[in-house]
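What follows is a set of notes on a single structure, which appears directly below.
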Amino acid sequence: MELIFFGEGWLGELLDAAVVPSEIKDVVRDRLREREASASPGLQKEWKTIDGLLGKGRIGEALERAMHAVSGSVKDLREALGDKSAALEKPFSPFLVKEREIKRILHPREDIHELARSEDDLDALTALELINDARRLLASWGAGVWGRRPAKLIWRLEEDLKELRRMQAELAEEETFEEEDFQRQMRLADRLATMATRFARDLYELHLLNARNREVRLRFELLWKQVAELLDEENFKAASQEAYHILEEAFQTARLGGGDLLEMVDILYESFTDPENLRVTVDRLAASRRDRDLALSPDEERESVTYIHTALRDMGLLEATG
């Protein structure tokens, strides 16, 4: 468990991320509240329109409106921040949106309008991802584009991340002490691991809320379409490997990727309908990736797809039938 909590994997990335100072967050969040009260139609109503477009399958129009919603807010926020406006390109909540995602939204690709008008599935996947990046960025700034419950959870996660950073620093200081302080170090490490586990479960809860957003569900349905086609062709090995890749991407979307996938399944054990079979599936597919000579039977490959589908359904990303 040590590696997942100390320096590697999902938590290390979050602890190491540069975070905007609290005073700048306050300015941005206050300005967005003021803007929401005076603007017409306002970001909340605009995102209801975007959700409606997604419900009708009009992904390109939804993308254009999402990008416009961000750009309009950014113009106002830059005026509020003045010479500190560069802070908008840094994460307010690194567990919510990463710096590279922020830059991708604030400096969109030149062919964004062509992307919005494309009918290609790969372009649709990109567009859906960008829409959710935009939603999460606005939510990190305090905009009500996602509802009240996520807003409360985001605040709690921000406070817990501060505490985790403080505890990590305290543990690093303890490591310079003499050997007789070993027991104290172990107690600190245990406290950090316990809090990190709670933090992971809260992140998972935030993910479940994000998975209710249409663009997230649509994206994973498109991703799973390839698995379904491989199953129809009875290419079970390719289907299981593709399913495993989608499961990895699901954890990345939840900000719980980058570490050992089996460890993360264990941390979230009670969140899954069939955790034991999921553990077996993750273990054997990971092993077959490491060792090309380790072949699984067609039945094992097919079962793996079934168990991963169940896990993705538990994560709110797929419908009950696959």
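Labeling convention for the structure tokens: chains A, B, ... as they appear, residues from 1 per chain, ligands from 1 in order of appearance.
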What's the 12 Å shell around Arg313 in chain A, counting only C-alpha atoms, without same-chain residues fewer than 5 positions away, as a ChimeraX atom specification?
/A:208,211-212,217,220-221,224,247,250,271-274,306-308,318-322
Proximity to Arg187 in chain A - best of A:Lys152, A:Leu218, A:Met167, A:Glu229, only C-alpha atoms
A:Met167
Near-Pro91 in chain A list (7 Å; only C-alpha atoms; drop same-chain fewer than 3 positions) as number ranges by chain:
A: 18-20, 94, 97-99
State, in Å with one decimal place, the distance from CA of Phe199 in chain A to CA of Arg255 in chain A.
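Going from CA of Phe199 in chain A over to CA of Arg255 in chain A covers 11.2 Å.
Summary of the local environment: counting only C-alpha atoms, residues at most 12 Å from Arg156 in chain A, other than itself and those fewer than 2 positions away along its chain, are Ser93, Phe95, Arg149, Pro150, Ala151, Lys152, Leu153, Ile154, Glu158, Glu159, Asp160, Leu161, Lys162, Glu163, Arg198, Phe199, Asp202, Leu203, Glu205 and Leu206 of chain A.
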Expected file contents, prior selection, N, CA, C and O atoms, as a PDB file, in the first residue's frame:
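The file below, part38.pdb, is the result:
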ATOM      1  N   SER A  93      -8.749  22.929  -8.199  1.00  0.00           N
ATOM      2  CA  SER A  93      -8.957  21.619  -7.572  1.00  0.00           C
ATOM      3  C   SER A  93      -8.306  20.577  -8.473  1.00  0.00           C
ATOM      4  O   SER A  93      -8.918  20.136  -9.447  1.00  0.00           O
ATOM      5  N   PHE A  95      -7.849  17.506  -8.299  1.00  0.00           N
ATOM      6  CA  PHE A  95      -8.566  16.236  -8.420  1.00  0.00           C
ATOM      7  C   PHE A  95      -9.753  16.368  -9.374  1.00  0.00           C
ATOM      8  O   PHE A  95     -10.369  15.378  -9.755  1.00  0.00           O
ATOM      9  N   ARG A 149     -24.928  19.261  -4.889  1.00  0.00           N
ATOM     10  CA  ARG A 149     -24.236  18.172  -4.184  1.00  0.00           C
ATOM     11  C   ARG A 149     -22.763  18.075  -4.557  1.00  0.00           C
ATOM     12  O   ARG A 149     -21.910  17.967  -3.686  1.00  0.00           O
ATOM     13  N   PRO A 150     -22.402  18.129  -5.848  1.00  0.00           N
ATOM     14  CA  PRO A 150     -20.971  18.125  -6.186  1.00  0.00           C
ATOM     15  C   PRO A 150     -20.226  19.304  -5.582  1.00  0.00           C
ATOM     16  O   PRO A 150     -19.078  19.156  -5.167  1.00  0.00           O
ATOM     17  N   ALA A 151     -20.866  20.476  -5.526  1.00  0.00           N
ATOM     18  CA  ALA A 151     -20.194  21.662  -4.991  1.00  0.00           C
ATOM     19  C   ALA A 151     -19.763  21.437  -3.541  1.00  0.00           C
ATOM     20  O   ALA A 151     -18.654  21.800  -3.138  1.00  0.00           O
ATOM     21  N   LYS A 152     -20.628  20.822  -2.742  1.00  0.00           N
ATOM     22  CA  LYS A 152     -20.288  20.539  -1.345  1.00  0.00           C
ATOM     23  C   LYS A 152     -19.162  19.514  -1.256  1.00  0.00           C
ATOM     24  O   LYS A 152     -18.247  19.637  -0.436  1.00  0.00           O
ATOM     25  N   LEU A 153     -19.210  18.506  -2.104  1.00  0.00           N
ATOM     26  CA  LEU A 153     -18.183  17.464  -2.085  1.00  0.00           C
ATOM     27  C   LEU A 153     -16.840  18.013  -2.553  1.00  0.00           C
ATOM     28  O   LEU A 153     -15.789  17.660  -2.001  1.00  0.00           O
ATOM     29  N   ILE A 154     -16.850  18.899  -3.550  1.00  0.00           N
ATOM     30  CA  ILE A 154     -15.612  19.522  -4.032  1.00  0.00           C
ATOM     31  C   ILE A 154     -14.951  20.317  -2.912  1.00  0.00           C
ATOM     32  O   ILE A 154     -13.730  20.243  -2.714  1.00  0.00           O
ATOM     33  N   GLU A 158     -11.266  19.555  -1.316  1.00  0.00           N
ATOM     34  CA  GLU A 158     -10.214  20.576  -1.282  1.00  0.00           C
ATOM     35  C   GLU A 158      -9.615  20.684   0.119  1.00  0.00           C
ATOM     36  O   GLU A 158      -8.387  20.774   0.283  1.00  0.00           O
ATOM     37  N   GLU A 159     -10.468  20.685   1.135  1.00  0.00           N
ATOM     38  CA  GLU A 159      -9.981  20.761   2.511  1.00  0.00           C
ATOM     39  C   GLU A 159      -9.202  19.515   2.889  1.00  0.00           C
ATOM     40  O   GLU A 159      -8.154  19.595   3.547  1.00  0.00           O
ATOM     41  N   ASP A 160      -9.675  18.355   2.471  1.00  0.00           N
ATOM     42  CA  ASP A 160      -8.966  17.102   2.782  1.00  0.00           C
ATOM     43  C   ASP A 160      -7.619  17.030   2.074  1.00  0.00           C
ATOM     44  O   ASP A 160      -6.647  16.493   2.619  1.00  0.00           O
ATOM     45  N   LEU A 161      -7.555  17.576   0.849  1.00  0.00           N
ATOM     46  CA  LEU A 161      -6.286  17.572   0.133  1.00  0.00           C
ATOM     47  C   LEU A 161      -5.260  18.446   0.849  1.00  0.00           C
ATOM     48  O   LEU A 161      -4.075  18.092   0.934  1.00  0.00           O
ATOM     49  N   LYS A 162      -5.694  19.574   1.396  1.00  0.00           N
ATOM     50  CA  LYS A 162      -4.792  20.413   2.204  1.00  0.00           C
ATOM     51  C   LYS A 162      -4.248  19.631   3.391  1.00  0.00           C
ATOM     52  O   LYS A 162      -3.061  19.675   3.707  1.00  0.00           O
ATOM     53  N   GLU A 163      -5.137  18.893   4.062  1.00  0.00           N
ATOM     54  CA  GLU A 163      -4.724  18.114   5.231  1.00  0.00           C
ATOM     55  C   GLU A 163      -3.775  16.992   4.839  1.00  0.00           C
ATOM     56  O   GLU A 163      -2.795  16.719   5.541  1.00  0.00           O
ATOM     57  N   ARG A 198     -10.080   7.353   2.653  1.00  0.00           N
ATOM     58  CA  ARG A 198     -11.332   8.103   2.699  1.00  0.00           C
ATOM     59  C   ARG A 198     -11.407   9.088   1.538  1.00  0.00           C
ATOM     60  O   ARG A 198     -12.456   9.260   0.908  1.00  0.00           O
ATOM     61  N   PHE A 199     -10.285   9.728   1.246  1.00  0.00           N
ATOM     62  CA  PHE A 199     -10.220  10.680   0.145  1.00  0.00           C
ATOM     63  C   PHE A 199     -10.542   9.975  -1.178  1.00  0.00           C
ATOM     64  O   PHE A 199     -11.286  10.505  -2.014  1.00  0.00           O
ATOM     65  N   ASP A 202     -14.214   9.381  -1.426  1.00  0.00           N
ATOM     66  CA  ASP A 202     -14.921  10.618  -1.748  1.00  0.00           C
ATOM     67  C   ASP A 202     -14.732  10.990  -3.222  1.00  0.00           C
ATOM     68  O   ASP A 202     -15.661  11.488  -3.875  1.00  0.00           O
ATOM     69  N   LEU A 203     -13.527  10.756  -3.730  1.00  0.00           N
ATOM     70  CA  LEU A 203     -13.287  11.001  -5.161  1.00  0.00           C
ATOM     71  C   LEU A 203     -14.183  10.109  -6.009  1.00  0.00           C
ATOM     72  O   LEU A 203     -14.709  10.531  -7.047  1.00  0.00           O
ATOM     73  N   GLU A 205     -17.091   8.971  -5.120  1.00  0.00           N
ATOM     74  CA  GLU A 205     -18.444   9.521  -5.035  1.00  0.00           C
ATOM     75  C   GLU A 205     -18.601  10.699  -5.997  1.00  0.00           C
ATOM     76  O   GLU A 205     -19.630  10.837  -6.674  1.00  0.00           O
ATOM     77  N   LEU A 206     -17.561  11.540  -6.081  1.00  0.00           N
ATOM     78  CA  LEU A 206     -17.605  12.651  -7.026  1.00  0.00           C
ATOM     79  C   LEU A 206     -17.680  12.128  -8.459  1.00  0.00           C
ATOM     80  O   LEU A 206     -18.397  12.674  -9.300  1.00  0.00           O
TER      81      LEU A 206
END
Write out as a list in words which residues come within 7 Å of range 27-32 of chain A when counting only C-alpha atoms, dropping same-chain ones fewer than 4 positions away.
Glu23, Glu36, Leu77, Trp141, Gly142 and Ala143 of chain A
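For the pair CA of Arg135 in chain A and CA of Leu15 in chain A, the interatomic distance is 22.7 Å.
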